[in-house]
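Asks: Structure file data32.cif (mmCIF, C-alpha atoms) right here:
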```cif
data_coords
loop_
_atom_site.label_atom_id
_atom_site.label_comp_id
_atom_site.auth_asym_id
_atom_site.auth_seq_id
_atom_site.Cartn_x
_atom_site.Cartn_y
_atom_site.Cartn_z
CA MET U 1353 17.87 -44.56 26.91
CA ARG U 1354 15.18 -41.89 26.88
CA CYS U 1355 17.54 -39.46 28.65
CA ALA U 1356 20.00 -39.98 25.80
CA ILE U 1357 17.22 -39.21 23.32
CA LEU U 1358 16.22 -36.08 25.26
CA VAL U 1359 19.77 -34.80 25.53
CA GLY U 1360 20.62 -35.82 21.96
CA ALA U 1361 17.68 -33.81 20.66
CA PHE U 1362 18.77 -30.89 22.79
CA LEU U 1363 22.36 -30.96 21.60
CA VAL U 1364 21.47 -31.31 17.93
CA GLY U 1365 19.41 -28.15 17.82
CA LEU U 1366 19.55 -26.74 21.31
CA GLY U 1367 16.09 -28.24 21.39
CA LEU U 1368 15.33 -28.42 25.06
CA VAL U 1369 12.26 -30.48 25.50
CA GLY U 1370 10.17 -27.99 27.43
CA CYS U 1371 8.73 -28.46 30.86
CA GLY U 1372 5.77 -27.22 32.78
CA GLY U 1373 4.91 -26.45 36.31
CA THR U 1374 3.44 -23.81 38.46
CA THR U 1375 2.32 -20.51 37.13
CA THR U 1376 4.63 -17.75 38.16
CA PRO U 1377 3.37 -14.52 39.62
CA THR U 1378 6.32 -12.66 38.10
CA ALA U 1379 5.16 -13.22 34.52
CA GLN U 1380 3.55 -9.99 33.33
CA ASP U 1381 1.51 -9.07 30.29
CA GLY U 1382 4.02 -6.40 29.38
CA PRO U 1383 5.81 -3.30 30.59
CA ALA U 1384 2.54 -1.45 31.12
CA ALA U 1385 1.53 -4.05 33.70
CA ASN U 1386 4.81 -3.59 35.55
CA PRO U 1387 6.85 -0.47 34.80
CA ASN U 1388 9.88 -2.01 36.58
CA ALA U 1389 9.93 -5.04 34.26
CA THR U 1390 12.63 -5.42 31.68
CA THR U 1391 12.79 -7.51 28.54
CA VAL U 1392 15.92 -8.47 26.64
CA ALA U 1393 15.66 -7.98 22.89
CA ALA U 1394 15.39 -11.38 21.25
CA LYS U 1395 15.76 -12.54 17.67
CA PRO U 1396 12.64 -14.79 17.59
CA ALA U 1397 9.38 -13.20 16.51
CA GLY U 1398 6.72 -12.54 19.10
CA LYS U 1399 6.59 -10.64 22.34
CA ALA U 1400 8.57 -11.97 25.28
CA VAL U 1401 7.01 -12.20 28.72
CA SER U 1402 8.40 -9.39 30.86
CA VAL U 1403 10.17 -10.44 34.02
CA PRO U 1404 11.04 -7.85 36.67
CA ALA U 1405 14.75 -7.23 37.17
CA SER U 1406 14.13 -8.01 40.84
CA ALA U 1407 12.86 -11.55 40.09
CA THR U 1408 14.64 -14.32 41.98
CA PRO U 1409 16.61 -17.03 40.15
CA GLU U 1410 13.80 -19.49 40.96
CA GLN U 1411 11.19 -17.16 39.43
CA VAL U 1412 13.29 -16.66 36.27
CA VAL U 1413 13.74 -20.43 35.82
CA SER U 1414 10.00 -20.96 36.33
CA VAL U 1415 9.15 -18.42 33.62
CA PHE U 1416 11.85 -19.92 31.37
CA LEU U 1417 10.51 -23.47 31.81
CA ASP U 1418 6.90 -22.38 31.33
CA ALA U 1419 8.01 -20.72 28.09
CA LEU U 1420 9.79 -23.93 27.01
CA ARG U 1421 6.64 -25.92 27.72
CA GLY U 1422 4.58 -23.51 25.63
CA GLY U 1423 7.07 -23.18 22.76
CA ASP U 1424 7.54 -19.46 23.51
CA GLN U 1425 10.82 -18.78 21.70
CA ALA U 1426 10.76 -15.04 22.37
CA THR U 1427 10.62 -15.52 26.14
CA THR U 1428 13.22 -18.29 26.30
CA ALA U 1429 15.58 -16.16 24.20
CA ALA U 1430 14.91 -13.09 26.37
CA LEU U 1431 15.79 -15.03 29.51
CA LEU U 1432 19.20 -16.16 28.25
CA THR U 1433 22.30 -14.24 29.25
CA SER U 1434 23.30 -11.71 26.63
CA LYS U 1435 26.29 -13.88 25.67
CA ALA U 1436 24.15 -17.03 25.35
CA LEU U 1437 21.66 -15.14 23.18
CA THR U 1438 24.45 -13.78 20.97
CA GLU U 1439 26.17 -17.16 20.60
CA THR U 1440 22.99 -19.13 19.85
CA SER U 1441 21.67 -16.43 17.50
CA GLN U 1442 24.94 -16.36 15.53
CA ARG U 1443 24.51 -20.10 14.93
CA SER U 1444 20.74 -19.83 14.22
CA LEU U 1445 20.04 -22.09 17.19
CA SER U 1446 16.93 -21.94 19.32
CA VAL U 1447 16.66 -23.03 22.94
CA CYS U 1448 12.95 -23.66 22.35
CA PRO U 1449 12.26 -25.26 18.97
CA GLN U 1450 8.76 -26.62 19.77
CA ALA U 1451 6.12 -26.73 22.48
CA THR U 1452 6.03 -29.74 24.80
CA PRO U 1453 2.87 -29.33 26.88
CA ASN U 1454 3.13 -32.75 28.62
CA MET U 1455 6.33 -31.91 30.48
CA GLN U 1456 6.28 -31.06 34.17
CA TYR U 1457 8.87 -29.60 36.53
CA GLN U 1458 9.34 -28.84 40.18
CA VAL U 1459 11.92 -26.43 41.59
CA THR U 1460 13.58 -28.29 44.45
CA LYS U 1461 16.35 -25.90 45.50
CA SER U 1462 17.60 -22.44 44.57
CA GLU U 1463 20.72 -20.70 45.78
CA VAL U 1464 22.82 -17.68 44.98
CA LEU U 1465 26.40 -18.94 45.06
CA PRO U 1466 28.15 -17.77 48.25
CA GLU U 1467 31.54 -17.57 46.50
CA ASN U 1468 30.02 -15.79 43.47
CA PRO U 1469 26.96 -13.63 44.25
CA SER U 1470 26.51 -12.96 40.51
CA GLY U 1471 25.86 -16.67 39.96
CA ALA U 1472 23.00 -18.92 40.98
CA HIS U 1473 21.94 -22.55 40.66
CA VAL U 1474 18.32 -23.66 40.51
CA ASN U 1475 17.71 -27.39 40.92
CA VAL U 1476 14.69 -28.79 39.13
CA THR U 1477 13.11 -32.22 38.86
CA TRP U 1478 12.04 -32.45 35.22
CA THR U 1479 9.46 -35.14 34.36
CA GLU U 1480 8.59 -36.47 30.93
CA SER U 1481 5.34 -38.38 30.40
CA TYR U 1482 5.33 -41.34 28.03
CA PRO U 1483 2.56 -43.82 27.22
CA ASP U 1484 4.37 -46.46 29.30
CA GLY U 1485 5.11 -44.19 32.28
CA ASN U 1486 7.06 -41.16 33.49
CA LEU U 1487 10.79 -40.49 33.57
CA SER U 1488 12.33 -37.83 35.77
CA TYR U 1489 15.66 -36.04 35.45
CA GLU U 1490 17.51 -33.84 37.88
CA VAL U 1491 18.58 -30.61 36.16
CA VAL U 1492 20.61 -27.75 37.61
CA TRP U 1493 19.96 -24.47 35.82
CA VAL U 1494 22.91 -22.07 35.91
CA LEU U 1495 22.10 -18.36 36.02
CA ARG U 1496 24.13 -15.17 35.94
CA LYS U 1497 23.06 -11.78 37.29
CA GLN U 1498 23.02 -9.11 34.59
CA GLN U 1499 21.77 -5.54 34.52
CA GLU U 1500 18.29 -6.70 33.50
CA GLY U 1501 18.22 -9.38 36.23
CA TRP U 1502 18.99 -13.08 36.49
CA ARG U 1503 19.43 -14.82 33.14
CA VAL U 1504 20.02 -18.45 32.11
CA ALA U 1505 23.59 -19.33 31.08
CA GLY U 1506 23.20 -23.10 30.84
CA MET U 1507 22.17 -26.30 32.52
CA ALA U 1508 23.75 -29.37 34.06
CA ILE U 1509 22.19 -32.79 33.46
CA GLU U 1510 23.38 -36.37 33.64
CA LEU U 1511 24.13 -37.17 29.99
CA VAL U 1512 25.30 -40.72 30.73
CA PRO U 1513 23.70 -42.60 33.63
CA GLY U 1514 26.15 -42.92 36.53
CA GLN U 1515 28.63 -40.43 35.07
CA GLY U 1516 27.51 -37.36 37.02
CA LEU U 1517 26.24 -34.05 35.75
CA ALA U 1518 27.59 -32.50 32.56
CA PHE U 1519 27.37 -28.74 32.05
CA LEU U 1520 25.72 -27.60 28.83
CA ASN U 1521 26.92 -24.04 28.42
CA PHE U 1522 24.49 -22.01 26.32
CA GLU U 1523 27.23 -19.38 26.03
CA ASP U 1524 29.43 -21.94 24.23
CA PRO U 1525 27.21 -23.93 21.81
CA ASP U 1526 30.30 -25.47 20.17
CA ASP U 1527 31.18 -27.13 23.48
CA MET U 1528 27.63 -28.52 23.75
CA ILE U 1529 27.86 -29.95 20.25
CA ARG U 1530 31.20 -31.59 21.14
CA LYS U 1531 29.53 -33.23 24.14
CA GLN U 1532 27.01 -34.84 21.84
#
```
Reformat the file's structure so that it appears as structure tokens.
Replies:
Amino acid sequence: MRCAILVGAFLVGLGLVGCGGTTTPTAQDGPAANPNATTVAAKPAGKAVSVPASATPEQVVSVFLDALRGGDQATTAALLTSKALTETSQRSLSVCPQATPNMQYQVTKSEVLPENPSGAHVNVTWTESYPDGNLSYEVVWVLRKQQEGWRVAGMAIELVPGQGLAFLNFEDPDDMIRKQ
């Protein structure tokens, strides 16, 4: 039931309930700290965390999830693929509507797809803390390699228990809304 609430909230406003985890050594204070870092222009106000173009998919997802946990809309927007950013911006949707500091995550597997080296999957165990206990979800983050580095295109999560993973394509928000 709580998974349905989590996913329902996400689909209504692209409101991913953020997660937390390890600090990532790839997060920089800005371009001056790392002249090889790149940042994608984002609609939300604030300065996005710079992530080097050479960052691995796992590192990008870690920065993305830390930003979700902290409510950092500029960074989450900057780490979307250019198409996902365009599509969500055109609909005034945010992937990070509010901070959720009690969320935790653990990257369990990361792979560049052998049949598509411009694609990657990063598996994460995402844990929510509630007064009556914790619930964990398995999430597969889908990334695409762009000029500025790996960027998040969407996620796969079990929307209905026992039904398998459903892909939530940030590049096609209309499809996500239909899945609601």
Asks: If you count all atoms listed in the file, which residues fall within 10 Å of Leu1520 of chain U, apart from same-chain ones fewer than 2 positions away, as a list in words?
Replies: Val1359, Phe1362, Leu1363, Leu1366, Trp1493, Val1494, Ala1505, Gly1506, Met1507, Ala1508, Ile1509, Leu1511, Leu1517, Ala1518, Phe1522, Glu1523, Asp1524, Pro1525, Asp1527, Met1528, Ile1529 and Lys1531 of chain U
Asks: Any chance you could work out the residue set of the PyMOL selection byres ((chain U and resi 1473-1476) around 6) here, as a ChimeraX atom specification?
Replies: /U:1458-1463,1472,1477-1478,1490-1494
Asks: Please measure the separation of atom CA of Ser1434 of chain U and atom CA of Val1447 of chain U, giving the value in Å to one decimal.
Replies: 13.6 Å
Asks: Provide the atom CA of Ala1405 of chain U to atom CA of Arg1503 of chain U distance in Å, to one decimal place.
Replies: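 Separating atom CA of Ala1405 of chain U from atom CA of Arg1503 of chain U is a distance of 9.8 Å.
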Asks: Quick one: residues within 7 Å of Thr1427 of chain U, all atoms listed in the file, excluding same-chain residues fewer than 3 positions away - as a list in words?
Replies: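 Skipping anything fewer than 3 positions along the chain leaves Ala1400, Val1401, Phe1416, Ala1419, Asp1424, Ala1430 and Leu1431 of chain U.
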Asks: Neighbours of Gln1498 of chain U within 8 Å (all atoms listed in the file; same-chain residues fewer than 3 positions away dropped), as a PyMOL selection string?
Replies: chain U and resi 1433+1470+1501-1503
